[in-house]
Structures are given as C-alpha cells and as structure tokens.
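Remarks on the structure that follows.
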Amino acid sequence: MAYVLICVVLAAAVYLISAPLRSVRRQDGTARSAAAVAELEAARDAKYREIRDAELDVRTGKLSDSDYEAVDSSLRAEAVEILHRLDEARDDERIPSNP
Amino acid sequence: MASAGKALLVLALLTGVYGFGASLYGARSGRPEWVDSARRAMYVLTGMAATAFVILDVAFISSDFSYNVVASGSSTTTPFLYRVAAIWATQQGSLLLWILLLSCWSSLALFLTRRRVREIVPYAQAVLFGFAIFFTGLVVLFANPFDTSSPAPTEGAGLDPLLRHTTMMVHPPMLYSGLTLLLVPFAFAVGALVSGRLGAEWIQVTRRFALGAWLCLGIGVLLGMRWSYTELGWGGYWAWDPVENAALMPWLVATAYIHSIMIQEKRGMLKVWNASLILAAGTLAIVGDFLVRSGILSSIHAFVSDPTLNISFVGLIAVMVIGSIGLVVYRQDSLRTEARLESVLSREGVFLLQNMVLVALTAVVFWFTFFPLISEAITGTQVSVGAPTFRPFVVPLALVVVALAGIGPIIAWRRVTPAKLRRSFAFPLAVGLGTLAILAFVSGVTQHVFAYLMFGFGAFVVASVTQEFFRGARARRAMTGEAPPVALAALVRRNRRRYGGYTVHAGVAVALIGIAASTSFQHQRTATLTPGHSVRLDGYEIKYVRPTASATAQKISFGAVLSVSKNGHHVTTMQTSYGLYPAPDPTHPIGRFFNGSDESSVALHAGLTRDIWVDINPNVTNLQGLISSGDAKLSTALAQAESLPAAQRPQALNVLYSLRDLAIRDLAERFVTHPWASSFLLEVSPLVMWLWIGAIIAALGGLIALWPMPPVSGRHRRGPLRSRPSRTAPSELSPAAPEPVRERELV
C-alpha cells in the first residue's frame with residue numbers, strides 16, 4: 001500500500017514539475033523590459049494612491065489648500081513623469097498593457 | 001503508513017533540492033521554464049508535506065503508539081480534539097507543521113507572483129526552497145516524526161496537562177503561521193537585493209504577507225496571554241518568558257516594517273531601512289523558532305534541548321545574518337533614497353520616529369531575553385530576568401509608541417501648516433489632557449505615573465482615530481449625500497488600508513490601557529483558608545465555601561467553591577481546582593497520582609471594570625500518611641500477585657487495581673469531608689477585559705487592512721487618472737479633470 005502511494009506520488013510529481021520543461025518557451029528578450037514595466041506600473045499605482053491620500057487629507061482638514069495645491073501639483077508632475085517612462089518602457093517591450 | 005510518511009519526507013527534501021537548483025539555474029541562464037518548473041516543485045512539496053502531516057495526524061487520532069511521537073505525546077485517554085492537536089506538541093510534529101505552513105505560504109506567494117516581479121522571483125523562490133530544505137532536512141535526518149518502535153507500547157504518555165486548553169488548537173498554528181509568513185517578504189527582499197530590482201514592486205507584492213504575519217503573530221501572542229491567564233495559575237498574562245518574547249520581537253519589527261514601507265511606496269525613501277527591517281524580521285522569526293526548539297533559555301514553553309538541532313539553527317541564523325548584511329552593503333548604492341524628508345512635521349517624520357522607537361523596543365527585549373545566556377558566558381551563572389527588569393525600559397518606549405499612534409493618523413503626508421496642526425490636534429489633545437486632569441483630580445496621581453500617562457495617551461489615540469473616522473465620513477457625505485452609516489462604511493471600504501490601520505491604532509491603545517491598569521492597580525494576595533472562612537481584597541469578601549474533589553484512573557482533582565460578596569451583596573460564586581495526573585512510577589502505586597504533572601483551573605469572574613481571579617493550591621500533606629501506607633501495602637500485594645501462576649495473575653491484579661481506585665477515591669473523599677486548610681492566590685485586577693477587547697479591535701482592523709482592494713489604477717480608469725487614452729497620456733493628469741467624478745473616485 002505504502003509503496004503504491006509513493007510510486008503514484010513520485011510519478012505525479014515528476015509529471016507536474018517537468019511540464020514547463022516539456023513545452024519549452026523561448027526567452028524572447030523582453031523579460032527585462034517587462035520587469036521595468038511592472039516596476040513602473042507599481043510606481044504609478046503608488047503615486048495614484050498618494051494623490052488620493054492627499055485629496056483625503058485636504059478634505060479631512062489635515063492639509064491647507066495652499067499646501068494641498070503644492071503637494072498635488074508636485075505629485076501629478078511625478079505621476080506624469082512615471083507615465084512618460086511607462087509609455088517608453090511599453091514601447092520597448094511591445095506587450096499589451098496590464099490594467 | 002510510517003514508511004510512506006518517511007518516503008514522502010525524503011521526496012519532499014529531494015523536491016526542495018531540485019527547486020532550489022532549478023530556480024537558480026533558471027535565473028542565471030535566463031530560461032524561465034526552469035523557474036516555472038521550480039515553482040511547480042513548491043506546489044508538489046506542499047502536497048507532500050500535507051500528505052505526511054495527514055498520515056501523522058491520523059496516527060495521533062487513532063492512538064497508533066507504534067509511532068514514537070504518538071506514544072510520547074498522546075494516549076488513549078486524551079480527548080479527541082487534543083489528539084488532533086497533539087501533533088504540534090511534539091518537537092517532530094511541530095517541525096512538520098512548520099514545513100507545511102512554510103510551503104503553503106511559499107506556494108501562495110509564488111502563485112500570486114507567477115506573472116510579476118520576474119527578475120526577483122527566481123531568487124526569492126530559491127530562498128524559500130532554502131528554508132524548505134533546511135527544515136525538511138532536519139526532520140529527515142534528526143527529528144523524524146515517522147520513527148517507530150516494535151513492539152508498540154499499549155498506552156502513550158499522554159499530552160502534557162498544561163497543554164489541555166482549547167487555545168492549544170489555535171495558538172501554536174497561529175504563531176507558526178506568523179513566523180513562516182514573515183519568511184516570504186524576507187525571501188523577496190533577498191531576491192530584490194540579488195537582482196537589483198529595488199523599486200517598490202517587491203514591497204507591494206509581499207505587503208499582504210507581512211501584514212498577515214503581523215496579524216497571525218498578534219493573534220497567536222494574544223491567545224498565549226489568555227492561555228497563561230486562565231491556565232498557568234501564576235496570576236498574569238505576560239511573564240517576559242523567552243518564548244513569549246520570541247514571538248513579540250518579530251511582531252514589533254513587522255509593525256515598524258508595515259509602516260515604513262508606506263514611505264518607500266509613496267516617496268521612494270528608506271530603501272535600506274525597509275530591506276534591513278524585513279531581513280531582521282525574517283531572521284528574528286527563525287531566532288524565535290530556535291528559542292522554542294532549543295531550550296537554551298529556561299521557559300515553560302520550550303521543547304527539550306537537542307544539541308543537533310541547536311547547531312543547525314545557529315548555522316542557519318549565521319547565514320541569514322551574514323548574508324543579509326552582505327547584500328545590503330553590496331547594494332548600498334542602488335538603495336539610495338529618491339526623495340528627501342520635506343518636513344519633520346509630517347506623517348513620514350512620525351513614522352520614522354515610530355520606527356526608531358519600535359526598533360529600540362525590540363533591542364531592549366532582545367538584550368534582556370538573551371541576557372541570561374550572556375551572563376552565563378561571562379560569570380558561569382545564568383541569571384533570571386523578569387518583568388521588573390523589562391518594565392523601566394519598555395514602559396517609557398511603549399508610551400512614546402502610543403503617543404505616535406495618535407499623532408500619525410491626524411498629520412498629513414509631506415508637510416503641515418501650524419494652523420492645520422492646531423485644528424487637527426485640538427480635539428484629541430483636549431480628550432487626552434482632559435482624561436489626565438480628571439484622573440489627577442480623582443486619584444491625586446501620587447504613584448503609577450506611567451499608568452496615568454498611558455490612560456491619557458490612550459484616550460488621545462482613541463479621540464484622534466474617532467476624529468479621523470468622523471471627518472472622513474463627513475467629507476464623503478458632503479460629496480455623495482449618503483446617510484452617515486453608509487458614508488462611513490463606504491469610506492472604510494474604499495480606503496481599507498488607511499482606516500484598517502486607524503482601527504488597529506485604536507485597538508492597541510485600548511489594549512495598552514487595559515495592560516497599564518491591570519498591572520499597576522492590581523490587588524493580589526495569598527491566603528490560607530479553611531472552609532467557612534473568608535478574606536478581604538479590594539473591598540470584596542471572598543469566602544471559601546466548601547472543598548470539592550474528584551478522582552479517576554487518569555486524574556485526581558482538588559478544588560474549592562468560593563462565594564464573593566461586596567458590601568453585603570452577593571457578587572458571584574466561583575470554582576477553582578487543581579488537577580494532578582499520575583506519574584509513570586510503578587513503585588508508588590498510589591503516590592504516583594500525587595507526583596505527576598499538574599494543572600490549574602482558575603476561577604475567573606470577568607467584567608468590564610475588573611476581574612476577580614482565584615487559584616487554589618490544595619494542601620494534601622494531611623493525606624501523606626495514608627498515601628505512604630497505601631503505597632507500602634499495595635506494592636507488597638502487587639508483588640505477590642505478580643508471583644502468582646499466569647492463569648491466576650490477571651484476576652488478582654484486577655482486584656488490586658480496583659482496590660487502588662477505591663483508595664484513590666477515598667483519599668479524594670477525605671479532602672471533602674475534612675475541613676483542611678488550603679492555600680489560595682487571589683487577585684482583583686481592573687480593566688483586564690479591555691486588553692482582550694482592544695486586541696479584538698486591533699485584529700479586526702488588521703483584517704480590514706488585509707482585505708484585498710481593486711487596483712488603484714483600475715479604479716481610476718473610471719475617473720480622471722485614466723491610464724492611457726492616447727499616446728499623449730500624461731495630459732490625463734491635468735488638474736482640469738472633471739471635479740465631481742474626481743471627488744467621488746477619491747474619497
């Protein structure tokens with residue numbers, strides 16, 4: 001019984017683990033740019049979150065209007081910069097954009 | 001099935017070795033199929049660990065004493081649920097649980113990142129396999145749970161009585177989950193450092209694992225405190241025991257980390273600090289496991305010391321420390337900050353200060369936890385370090401942390417004007433100072449100054465969080481016209497991380513108020529009472545009404561019924577007992593029932609304002625003469641029965657065992673019929689309940705913060721920050737975006 005179980009587990013393990021090796025896909029040289037895109041998308045999301053936080057801060061009275069304007073315009077400029085870099089990275093990568 | 005279990009562990013070890021090699025080969029050669037194959041190896045390893053765990057647990061449930069761990073940690077008389085949980089009461093079984101949890105979290109992390117952070121994942125994967133190899137290697141080579149004996153004993157030693165508590169089902173798995181979850185961000189931090197991809201993405205993909213670790217460790221610590229309070233009979237919930245501290249230290253560092261990563265995500269700052277924090281937290285998780293398993297420091301929670309395991313753990317910790325320092329130094333140029341702190345008066349500034357205090361707190365706990373070892377190395381004597389040593393350092397630092405927990409939510413990111421600062425601080429400060437003033441007026445504050453400060457700071461935190469919820473809901477209501485409860489719920493739903501965090505702050509403040517009150521204003525005394533006599537404590541009259549006792553072949557229990565009254569009015573009736581489990585000592589057939597393991601069942605009357613807590617230490621010296629003479633007579637009779645012919649022996653032995661059981665019952669009966677004095681430990685502790693309530697609030701806040709949200713960019717697609725309408729996308733961020741849509745999207 002134990003030997004049967006082990007044989008079944010071993011066969012299943014080899015089959016599952018070797019599946020990616022049996023259908024080899026070629027490295028297309030886009031891995032690095034894909035990583036750059038992913039990193040920029042993360043930075044974009046973080047910047048969006050920061051803009052939202054600043055909005056919430058001014059609405060809850062933590063930030064003065066003048067401070068908010070300065071912070072918001074600075075954040076938006078940074079976001080624009082990230083989006084520029086994201087466009088460039090996607091052009092390099094030529095893959096469909098992730099939402 | 002033991003051989004199948006052994007084989008599965010060997011296969012799991014080989015799978016781990018393959019996964020480690022394939023991950024690194026895939027990374028170095030740029031062949032992602034090997035990385036994918038290694039990821040599948042982690043899934044397979046998880047399946048093997050789960051199957052091995054099930055096989056072993058079935059052995060525990062079915063009391064298969066051919067397994068050595070089952071014979072040493074369970075028995076046929078152990079109740080079913082404790083037999084299920086007894087697996088992690090043993091060194092070998094708990095190692096298997098660790099492997100199972102580690103591989104589960106590793107598989108989950110690798111599944112979630114299978115299309116993300118592709119340059120980091122192979123190295124992170126290799127680190128996770130490294131941990132899996134280490135722990136699987138330990139169970140295969142040194143602590144195999146599938147070792148068997150033949151012939152199998154007919155009965156097991158049973159579960160330690162102290163472990164027979166409902167918390168046993170959840171407390172160890174929670175702590176192990178917390179510690180193993182911390183290894184996921186640790187592995188990704190190493191991956192980021194090795195690959196040089198040091199942006200915020202690795203932080204984003206592992207943030208939930210860090211938060212999950214924080215939550216599980218917190219719940220585990222809380223359950224341990226509750227266990228200690230109701231079971232151990234020393235009258236408290238936190239003893240600064242090394243194993244308790246082993247869970248507290250990574251929790252403190254994880255608290256610092258989940259705050260400071262926000263600064264890196266938002267500002268690109270603190271990259272070195274964040275990498276160092278999570279590397280420290282992961283290392284402390286292993287140090288914590290080492291403390292539990294090694295027994296190098298005296299603790300009631302630790303397993304028996306095993307030199308082989310100790311050397312292995314020291315080696316792993318050395319590799320983690322040296323490797324972490326080496327990687328941070330190697331990447332120090334890339335870890336340079338992208339921005340500067342604009343103002344100390346900003347949330348970043350508060351987070352930084354909070355981080356430093358939390359790290360200082362961890363350093364204090366670390367130093368005093370290991371001080372007995374250090375003193376032993378220097379003087380040859382292991383000194384004992386307890387609460388009085390910790391408190392002078394921990395309490396002031398905890399006060400600062402609480403104050404910052406109140407300041408953080410009401411201060412803005414980047415900068416703040418003095419006028420806004422005054423407006424934000426007015427209400428919370430008034431509540432905090434008002435609380436202090438009222439307490440000073442009522443009590444005079446002649447002593448316990450730190451406790452009063454904690455009440456004031458705690459009130460400040462609760463007020464600041466309440467103000468934040470109120471202002472946020474009001475802002476949303478102004479824009480949407482929703483009813484207040486709807487606006488509040490929508491606000492929290494749309495900003496889970498922020499408001500979940502605020503809820504945690506409020507919960508921690510409430511819990512610390514409970515801790516400050518119950519440790520500073522506790523009334524405690526011991527009393528030796530005979531039935532009918534009473535003792536006064538903090539205005540309560542506690543009367544020893546009558547003794548109780550029960551006896552079975554597995555346990556003899558002595559207890560007391562107590563009546564509590566105040567100003568002539570009956571408050572409650574309580575019952576406490578002290579259980580004795582027989583020692584495996586055939587030379588004292590009756591005395592062994594009084595020489596084995598023991599447990600306390602505490603009498604607890606819990607309320608919102610105070611807990612009344614009583615524990616009995618029964619005096620059974622009056623029974624000693626009877627026990628000794630019973631031992632002598634029964635030993636002689638048993639010896640004579642053993643010398644009888646085989647056919648007559650069982651019947652004679654059965655008669656003698658029946659007589660023994662009668663004698664035990666008679667001894668228990670004598671405790672009830674004779675008005676002997678017993679010793680009691682009595683306590684009246686204020687606000688203990690608020691410790692548990694605060695912890696539950698904090699856990700709820702943690703769950704809110706942990707709950708997944710749709711991606712920010714996804715939500716903005718509907719609003720002004722639409723990601724990419726055209727190739728000239730940046731104009732989408734123009735402030736001229738339609739304001740009503742924007743407001744609805746943002747709050």
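How things are named: the first chain in the structure tokens is A, the next is B, and so on; residues count from 1 in each chain; ligands count from 1 in the order shown.
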Which residues of chain A sit at most 7 Å from chain B, using only C-alpha atoms? Give each one's shortest atom pair and distance in Å (one decimal place), in chain and ascending residue order, as CSV.
```
residue,atom,partner,partner_atom,distance
A:Ala2,CA,B:Ala4,CA,4.9
A:Ile6,CA,B:Ala4,CA,6.5
A:Ala13,CA,B:Val44,CA,6.1
A:Leu16,CA,B:Arg40,CA,6.7
A:Ile17,CA,B:Ser37,CA,5.1
A:Ser18,CA,B:Ser37,CA,6.1
A:Pro20,CA,B:Glu33,CA,5.3
A:Leu21,CA,B:Glu33,CA,5.7
A:Val24,CA,B:Glu33,CA,6.2
A:Arg25,CA,B:Glu33,CA,6.9
A:Gln27,CA,B:Arg31,CA,6.3
A:Ala35,CA,B:Val117,CA,6.0
A:Ala38,CA,B:Arg116,CA,6.9
A:Glu39,CA,B:Glu201,CA,5.6
A:Ala42,CA,B:Glu201,CA,5.5
A:Ala43,CA,B:Ala200,CA,6.7
A:Asp45,CA,B:Ser713,CA,5.8
A:Ala46,CA,B:Glu265,CA,5.8
A:Lys47,CA,B:Lys266,CA,6.3
A:Tyr48,CA,B:Val712,CA,6.6
A:Arg49,CA,B:Val712,CA,6.6
A:Glu50,CA,B:Lys266,CA,6.1
A:Arg52,CA,B:Leu746,CA,5.3
A:Glu55,CA,B:Leu746,CA,6.7
A:Leu56,CA,B:Val747,CA,6.0
A:Asp57,CA,B:Ala412,CA,6.2
A:Arg59,CA,B:Ala475,CA,5.9
A:Thr60,CA,B:Arg471,CA,5.2
A:Gly61,CA,B:Lys420,CA,6.9
A:Lys62,CA,B:Ala412,CA,5.6
A:Leu63,CA,B:Val416,CA,6.0
A:Ser64,CA,B:Lys420,CA,6.5
A:Arg76,CA,B:Leu733,CA,6.4
A:Val80,CA,B:Pro730,CA,5.0
A:Leu83,CA,B:Pro730,CA,6.3
A:His84,CA,B:Pro730,CA,6.8
A:Pro99,CA,B:Gly714,CA,6.1
```
- In stretch 411-580 of chain B, what's helix (DSSP H, G or I) per DSSP? Answer as an MDAnalysis selection string? chainID B and resid 418:443 449:480 484:494 496:520
- Item | Contacts of stretch 511-514 of chain B within 12 Å, only C-alpha atoms, excl. fewer than 5 positions in-chain, as a ChimeraX atom specification | /B:222,237,395,398-399,401-403,405,450-462,504-506,519-522,608-611,685-699
- Write out as number ranges by chain all residues of stretch 461-705 of chain B that DSSP puts in strand (DSSP E or B) for this structure's backbone. B: 523-529, 534-537, 540-551, 556-566, 569-580, 598-601, 603-606, 610-617, 678-686
- Residues at most 7 Å from stretch 305-313 of chain B, counting only C-alpha atoms, excluding those fewer than 3 positions away in the same chain, as a ChimeraX atom specification? /B:290,293-296,316-317
Next, the residues of the selection above should be written as an mmCIF file, in the first residue's frame with N, CA and C atoms.
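Done, and the output landed in result32.cif:
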```cif
data_model
loop_
_atom_site.group_PDB
_atom_site.id
_atom_site.type_symbol
_atom_site.label_atom_id
_atom_site.label_comp_id
_atom_site.auth_asym_id
_atom_site.auth_seq_id
_atom_site.Cartn_x
_atom_site.Cartn_y
_atom_site.Cartn_z
ATOM 1 N N PHE B 290 14.009 28.982 16.914
ATOM 2 C CA PHE B 290 15.175 28.390 17.583
ATOM 3 C C PHE B 290 14.972 28.390 19.109
ATOM 4 N N ARG B 293 12.567 25.696 20.103
ATOM 5 C CA ARG B 293 13.025 24.312 19.907
ATOM 6 C C ARG B 293 14.277 23.964 20.695
ATOM 7 N N SER B 294 15.103 24.973 20.980
ATOM 8 C CA SER B 294 16.424 24.657 21.533
ATOM 9 C C SER B 294 16.387 24.411 23.032
ATOM 10 N N GLY B 295 15.504 25.122 23.734
ATOM 11 C CA GLY B 295 15.512 25.014 25.190
ATOM 12 C C GLY B 295 16.761 25.619 25.803
ATOM 13 N N ILE B 296 17.470 26.493 25.038
ATOM 14 C CA ILE B 296 18.710 27.083 25.586
ATOM 15 C C ILE B 296 18.401 28.078 26.692
ATOM 16 N N LEU B 316 22.021 28.266 10.471
ATOM 17 C CA LEU B 316 21.068 28.975 9.601
ATOM 18 C C LEU B 316 21.002 30.461 9.961
ATOM 19 N N ILE B 317 20.940 30.751 11.267
ATOM 20 C CA ILE B 317 20.843 32.158 11.698
ATOM 21 C C ILE B 317 22.110 32.912 11.272
#
```
- Item | For B:Leu182: contacts at 10 Å, only C-alpha atoms, fewer than 4 positions along chain excluded, given as a list of chain:residue names | B:Leu102, B:Trp105, B:Tyr176, B:Ser177, B:Gly178, B:Phe186, B:Ala187, B:Thr206, B:Phe209, B:Ala210, B:Leu211, B:Gly212, B:Ala213, B:Trp214, B:Leu217, B:Pro250, B:Trp251, B:Ala254, B:Ile278, B:Leu279, B:Ala281, B:Gly282, B:Thr283, B:Leu284, B:Ala285, B:Ile286
- Message: As an exercise, work out the distance from atom CA of B:Ile438 to atom CA of B:Tyr540 in Å and give it to one decimal place.
- Response: 25.6 Å
Could you pull the residues within 9 Å of B:Tyr544, counting only C-alpha atoms, minus those fewer than 5 positions along the same chain, as a compact mmCIF listing (two decimals) with C-alpha atoms, in the first residue's frame?
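Resulting contents of part35.txt:
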```
# COMPACT_ATOMS: atom_id res chain seq x y z
CA LEU B 529 -8.29 29.35 54.36
CA THR B 530 -10.37 26.60 55.87
CA PRO B 531 -13.95 26.04 54.69
CA GLY B 532 -16.28 28.73 56.03
CA HIS B 533 -13.56 31.35 56.43
CA SER B 534 -13.15 34.39 54.25
CA VAL B 535 -10.62 37.02 53.23
CA ALA B 560 -12.94 24.81 46.12
CA VAL B 561 -16.21 26.65 45.78
CA LEU B 562 -15.90 30.31 46.75
CA SER B 563 -18.50 32.97 47.30
```
